[in-house]
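Source file: run26.cif; contents: mmCIF, C-alpha atoms and all ligand atoms.
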data_query
#
loop_
_atom_site.group_PDB
_atom_site.id
_atom_site.type_symbol
_atom_site.label_atom_id
_atom_site.label_comp_id
_atom_site.auth_asym_id
_atom_site.auth_seq_id
_atom_site.Cartn_x
_atom_site.Cartn_y
_atom_site.Cartn_z
ATOM 1 C CA MET A 1 -22.924 258.662 34.564
ATOM 2 C CA GLU A 2 -23.457 259.237 38.267
ATOM 3 C CA THR A 3 -21.262 256.988 40.354
ATOM 4 C CA LEU A 4 -21.859 254.794 43.358
ATOM 5 C CA PRO A 5 -20.548 255.851 46.793
ATOM 6 C CA CYS A 6 -18.317 252.782 47.130
ATOM 7 C CA GLN A 7 -15.539 254.383 49.143
ATOM 8 C CA GLY A 8 -15.662 253.011 52.668
ATOM 9 C CA CYS A 9 -17.911 250.049 51.897
ATOM 10 C CA LYS A 10 -14.910 247.707 52.056
ATOM 11 C CA GLY A 11 -16.387 245.444 49.425
ATOM 12 C CA LEU A 12 -19.734 245.075 51.113
ATOM 13 C CA CYS A 13 -21.408 243.922 47.909
ATOM 14 C CA CYS A 14 -18.393 241.998 46.549
ATOM 15 C CA GLY A 15 -19.287 238.389 47.147
ATOM 16 C CA PRO A 16 -19.196 235.299 44.967
ATOM 17 C CA VAL A 17 -20.113 236.341 41.401
ATOM 18 C CA PRO A 18 -20.885 234.328 38.262
ATOM 19 C CA VAL A 19 -18.192 234.357 35.557
ATOM 20 C CA THR A 20 -17.951 233.396 31.895
ATOM 21 C CA GLU A 21 -15.113 231.501 30.233
ATOM 22 C CA MET A 22 -13.859 234.686 28.595
ATOM 23 C CA GLU A 23 -13.903 236.607 31.889
ATOM 24 C CA LEU A 24 -11.923 233.847 33.573
ATOM 25 C CA LYS A 25 -9.306 234.028 30.830
ATOM 26 C CA LYS A 26 -8.941 237.772 31.229
ATOM 27 C CA ILE A 27 -8.650 237.507 35.008
ATOM 28 C CA LYS A 28 -6.008 234.774 34.686
ATOM 29 C CA LYS A 29 -3.989 236.947 32.327
ATOM 30 C CA LYS A 30 -4.228 239.897 34.697
ATOM 31 C CA ILE A 31 -3.206 237.869 37.754
ATOM 32 C CA LYS A 32 -0.240 236.358 35.891
ATOM 33 C CA SER A 33 0.927 239.794 34.781
ATOM 34 C CA MET A 34 0.966 241.205 38.332
ATOM 35 C CA PRO A 35 4.312 241.655 40.055
ATOM 36 C CA SER A 36 4.640 238.655 42.375
ATOM 37 C CA LYS A 37 4.662 240.752 45.550
ATOM 38 C CA MET A 38 1.466 242.527 44.567
ATOM 39 C CA ARG A 39 -0.121 239.197 43.717
ATOM 40 C CA SER A 40 0.806 237.535 46.981
ATOM 41 C CA ASP A 41 -0.209 240.604 49.010
ATOM 42 C CA LEU A 42 -3.619 240.506 47.388
ATOM 43 C CA GLU A 43 -3.966 236.773 47.800
ATOM 44 C CA ASN A 44 -3.014 236.769 51.461
ATOM 45 C CA GLN A 45 -5.310 239.489 52.730
ATOM 46 C CA THR A 46 -7.727 238.420 55.444
ATOM 47 C CA ARG A 47 -11.221 238.955 54.138
ATOM 48 C CA TYR A 48 -14.610 238.387 55.632
ATOM 49 C CA TYR A 49 -16.149 235.036 54.847
ATOM 50 C CA GLY A 50 -17.951 235.440 51.554
ATOM 51 C CA THR A 51 -16.027 238.490 50.351
ATOM 52 C CA CYS A 52 -14.675 238.132 46.810
ATOM 53 C CA ILE A 53 -11.168 236.633 46.676
ATOM 54 C CA PHE A 54 -10.022 239.563 44.573
ATOM 55 C CA TYR A 55 -11.283 242.359 46.782
ATOM 56 C CA ASP A 56 -8.386 244.541 47.918
ATOM 57 C CA LEU A 57 -9.291 245.451 51.490
ATOM 58 C CA GLU A 58 -6.170 247.555 52.000
ATOM 59 C CA LYS A 59 -6.921 249.799 49.046
ATOM 60 C CA ASP A 60 -10.700 249.506 49.515
ATOM 61 C CA ARG A 61 -11.339 248.625 45.879
ATOM 62 C CA CYS A 62 -11.546 245.755 43.420
ATOM 63 C CA GLY A 63 -8.116 244.174 43.037
ATOM 64 C CA ILE A 64 -8.750 243.277 39.395
ATOM 65 C CA HIS A 65 -10.800 246.309 38.416
ATOM 66 C CA SER A 66 -9.864 246.462 34.714
ATOM 67 C CA VAL A 67 -10.924 242.826 34.165
ATOM 68 C CA ARG A 68 -13.779 242.504 36.649
ATOM 69 C CA PRO A 69 -16.741 240.424 35.473
ATOM 70 C CA ASP A 70 -19.672 241.988 33.684
ATOM 71 C CA ILE A 71 -21.974 241.491 36.651
ATOM 72 C CA CYS A 72 -19.633 243.639 38.781
ATOM 73 C CA ARG A 73 -19.723 246.397 36.146
ATOM 74 C CA LYS A 74 -23.513 246.305 36.139
ATOM 75 C CA PHE A 75 -24.012 246.258 39.876
ATOM 76 C CA GLY A 76 -25.933 249.254 41.144
ATOM 77 C CA TYR A 77 -27.198 250.361 37.743
ATOM 78 C CA TYR A 78 -29.768 247.628 37.100
ATOM 79 C CA LYS A 79 -33.087 246.954 38.810
ATOM 80 C CA GLU A 80 -31.992 243.377 39.547
ATOM 81 C CA LEU A 81 -28.697 244.569 41.049
ATOM 82 C CA VAL A 82 -29.597 247.366 43.418
ATOM 83 C CA CYS A 83 -27.072 249.057 45.686
ATOM 84 C CA PHE A 84 -28.892 249.830 48.921
ATOM 85 C CA ARG A 85 -26.768 252.925 49.500
ATOM 86 C CA LYS A 86 -27.913 254.503 46.256
ATOM 87 C CA PRO A 87 -30.924 252.566 44.963
ATOM 88 C CA GLU A 88 -32.021 255.428 42.709
ATOM 89 C CA LEU A 89 -29.178 254.590 40.297
ATOM 90 C CA ALA A 90 -30.670 251.167 39.538
ATOM 91 C CA THR A 91 -32.808 252.157 36.587
ATOM 92 C CA LYS A 92 -31.959 249.740 33.768
ATOM 93 C CA ASN A 93 -33.367 246.307 33.039
ATOM 94 C CA LEU A 94 -31.028 243.371 32.528
ATOM 95 C CA ASP A 95 -31.190 241.816 29.087
ATOM 96 C CA GLN A 96 -30.897 238.170 30.046
ATOM 97 C CA THR A 97 -31.021 236.873 26.484
ATOM 98 C CA SER A 98 -27.770 238.408 25.300
ATOM 99 C CA SER A 99 -25.656 237.230 28.199
ATOM 100 C CA GLU A 100 -22.932 234.653 27.643
ATOM 101 C CA SER A 101 -23.320 231.521 29.726
ATOM 102 C CA HIS A 102 -21.578 231.324 33.067
ATOM 103 C CA VAL A 103 -19.119 228.539 33.789
ATOM 104 C CA GLY A 104 -19.122 228.903 37.564
ATOM 105 C CA ILE A 105 -18.949 231.170 40.565
ATOM 106 C CA LEU A 106 -15.863 233.206 41.330
ATOM 107 C CA SER A 107 -14.657 232.656 44.934
ATOM 108 C CA MET A 108 -16.466 229.307 45.143
ATOM 109 C CA ASP A 109 -15.835 227.262 41.986
ATOM 110 C CA PHE A 110 -12.725 229.286 41.161
ATOM 111 C CA THR A 111 -10.286 230.263 43.880
ATOM 112 C CA TRP A 112 -6.713 231.611 43.889
ATOM 113 C CA LYS A 113 -5.239 228.224 42.975
ATOM 114 C CA ASP A 114 -7.064 228.408 39.631
ATOM 115 C CA PHE A 115 -5.344 231.638 38.661
ATOM 116 C CA LYS A 116 -1.734 230.654 39.045
HETATM 117 S S1 LIG B 201 -22.158 249.236 45.012
HETATM 118 FE FE1 LIG B 201 -23.135 250.034 46.855
HETATM 119 S S2 LIG B 201 -22.892 248.449 48.438
HETATM 120 FE FE2 LIG B 201 -21.457 248.036 46.763
HETATM 121 S S3 LIG B 201 -19.533 248.975 47.409
HETATM 122 FE FE3 LIG B 201 -20.636 250.445 46.103
HETATM 123 S S4 LIG B 201 -21.850 251.717 47.476
HETATM 124 FE FE4 LIG B 201 -21.196 249.894 48.632
HETATM 125 S S1 LIG B 202 -14.227 240.947 40.886
HETATM 126 FE FE1 LIG B 202 -13.901 242.900 41.877
HETATM 127 S S2 LIG B 202 -15.831 244.022 41.654
HETATM 128 FE FE2 LIG B 202 -16.238 241.857 41.259
HETATM 129 S S3 LIG B 202 -16.906 240.973 43.201
HETATM 130 FE FE3 LIG B 202 -14.679 240.673 43.039
HETATM 131 S S4 LIG B 202 -13.733 242.435 44.039
HETATM 132 FE FE4 LIG B 202 -15.883 242.945 43.615
#

Transcribe the structure of this file into structure tokens.
Amino acid sequence: METLPCQGCKGLCCGPVPVTEMELKKIKKKIKSMPSKMRSDLENQTRYYGTCIFYDLEKDRCGIHSVRPDICRKFGYYKELVCFRKPELATKNLDQTSSESHVGILSMDFTWKDFK
């Protein structure tokens, strides 16, 4: 699959995203398993207002990549989730019916204090 040119965007499209109960559990597990220095470094980064609390600005990538929510995995590849830097990759249609229900918005309803 062709990839998105995310390098250098500094998390431009990483804002508050909807999460499911299962996704929250996985993220919690991941955060708890991080070495404490790595965890506090990630937590204490200064981000732009609205940037996802897990975006790693120093490394210019998602700080929880292996457990990122489904919506983050889909971004750029679906017509409803177009990346303006490479809109031609957004070719699929979201199947709304099969999606698990969301329990809240990451970065707004759930912040760092919920993952410790
Ligand atoms: S999906 Fe698009 S806007 Fe988002 S980081 Fe990647 S290239 Fe940038
Ligand atoms: S979880 Fe990762 S990919 Fe999703 S919005 Fe946050 S930083 Fe971006």

Which residues, written as a PDB file with C-alpha atoms, keeping the file's coordinate frame, have at least one atom at most 12 Å from Met38 of chain A, with all atoms listed in the file counted and residues fewer than 4 positions away on the same chain left out?
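Okay, this is what ended up in selection-v2.pdb:
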ATOM      1  CA  LYS A  30      -4.228 239.897  34.697  1.00  0.00           C
ATOM      2  CA  ILE A  31      -3.206 237.869  37.754  1.00  0.00           C
ATOM      3  CA  LYS A  32      -0.240 236.358  35.891  1.00  0.00           C
ATOM      4  CA  SER A  33       0.927 239.794  34.781  1.00  0.00           C
ATOM      5  CA  MET A  34       0.966 241.205  38.332  1.00  0.00           C
ATOM      6  CA  LEU A  42      -3.619 240.506  47.388  1.00  0.00           C
ATOM      7  CA  GLU A  43      -3.966 236.773  47.800  1.00  0.00           C
ATOM      8  CA  ASN A  44      -3.014 236.769  51.461  1.00  0.00           C
ATOM      9  CA  GLN A  45      -5.310 239.489  52.730  1.00  0.00           C
ATOM     10  CA  PHE A  54     -10.022 239.563  44.573  1.00  0.00           C
ATOM     11  CA  ASP A  56      -8.386 244.541  47.918  1.00  0.00           C
ATOM     12  CA  GLU A  58      -6.170 247.555  52.000  1.00  0.00           C
ATOM     13  CA  LYS A  59      -6.921 249.799  49.046  1.00  0.00           C
ATOM     14  CA  GLY A  63      -8.116 244.174  43.037  1.00  0.00           C
ATOM     15  CA  ILE A  64      -8.750 243.277  39.395  1.00  0.00           C
TER      16      ILE A  64
END

All residues within 8 Å of ligand LIG 201 (chain B) are required, counting all atoms listed in the file; please report them as a PyMOL selection string. chain A and resi 4-14+75-76+82-86

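Evaluated on this file, the PyMOL selection byres (((not hetatm)) within 8 of (chain B and resi 202)) matches Gly11, Cys13, Cys14, Gly15, Pro16, Val17, Thr51, Cys52, Ile53, Phe54, Tyr55, Asp56, Arg61, Cys62, Gly63, Ile64, His65, Val67, Arg68, Pro69, Ile71, Cys72, Arg73 and Leu106 of chain A.
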
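Using all atoms listed in the file, the nearest neighbour of Val19 of chain A within the list A:Tyr49, A:Leu81, A:Pro35, A:Glu100 is A:Glu100.
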
Near Lys92 of chain A, counting only C-alpha atoms, which residues have an atom at most 8 Å away, once you skip same-chain residues fewer than 3 positions from it, shown as a compact mmCIF listing (two decimals) with C-alpha atoms, keeping the file's coordinate frame?
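Below is the file that was written, result25.txt:
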# COMPACT_ATOMS: atom_id res chain seq x y z
CA TYR A 77 -27.20 250.36 37.74
CA TYR A 78 -29.77 247.63 37.10
CA LYS A 79 -33.09 246.95 38.81

Given only C-alpha atoms as the basis, pick out the residue of A:Leu89, A:Leu57, A:Leu94, A:Ile27 nearest to Asp114 of chain A. A:Ile27

Since the input is missing atoms, can you rebuild N, CA and C atoms for segment 25-41 of chain A and write them as a CSV table (one decimal), keeping the file's coordinate frame?
chain,number,residue,atom,x,y,z
A,25,LYS,N,-10.6,233.9,31.6
A,25,LYS,CA,-9.3,234.0,30.8
A,25,LYS,C,-8.7,235.4,31.1
A,26,LYS,N,-9.5,236.4,31.0
A,26,LYS,CA,-8.9,237.8,31.2
A,26,LYS,C,-8.4,237.9,32.6
A,27,ILE,N,-9.1,237.4,33.6
A,27,ILE,CA,-8.6,237.5,35.0
A,27,ILE,C,-7.3,236.8,35.2
A,28,LYS,N,-7.2,235.6,34.6
A,28,LYS,CA,-6.0,234.8,34.7
A,28,LYS,C,-4.8,235.6,34.1
A,29,LYS,N,-5.1,236.2,33.0
A,29,LYS,CA,-4.0,236.9,32.3
A,29,LYS,C,-3.5,238.1,33.2
A,30,LYS,N,-4.5,238.8,33.8
A,30,LYS,CA,-4.2,239.9,34.7
A,30,LYS,C,-3.4,239.4,35.9
A,31,ILE,N,-3.9,238.4,36.5
A,31,ILE,CA,-3.2,237.9,37.8
A,31,ILE,C,-1.8,237.5,37.4
A,32,LYS,N,-1.6,236.8,36.3
A,32,LYS,CA,-0.2,236.4,35.9
A,32,LYS,C,0.7,237.5,35.6
A,33,SER,N,0.1,238.6,35.1
A,33,SER,CA,0.9,239.8,34.8
A,33,SER,C,1.3,240.7,36.0
A,34,MET,N,0.7,240.4,37.1
A,34,MET,CA,1.0,241.2,38.3
A,34,MET,C,2.4,240.9,38.9
A,35,PRO,N,3.0,241.9,39.4
A,35,PRO,CA,4.3,241.7,40.1
A,35,PRO,C,4.0,240.7,41.2
A,36,SER,N,4.9,239.7,41.4
A,36,SER,CA,4.6,238.7,42.4
A,36,SER,C,4.3,239.2,43.8
A,37,LYS,N,5.0,240.3,44.2
A,37,LYS,CA,4.7,240.8,45.6
A,37,LYS,C,3.2,241.3,45.6
A,38,MET,N,2.8,242.0,44.6
A,38,MET,CA,1.5,242.5,44.6
A,38,MET,C,0.5,241.4,44.6
A,39,ARG,N,0.8,240.4,43.8
A,39,ARG,CA,-0.1,239.2,43.7
A,39,ARG,C,-0.2,238.5,45.1
A,40,SER,N,0.9,238.3,45.7
A,40,SER,CA,0.8,237.5,47.0
A,40,SER,C,0.2,238.4,48.1
A,41,ASP,N,0.4,239.7,48.0
A,41,ASP,CA,-0.2,240.6,49.0
A,41,ASP,C,-1.7,240.5,48.9
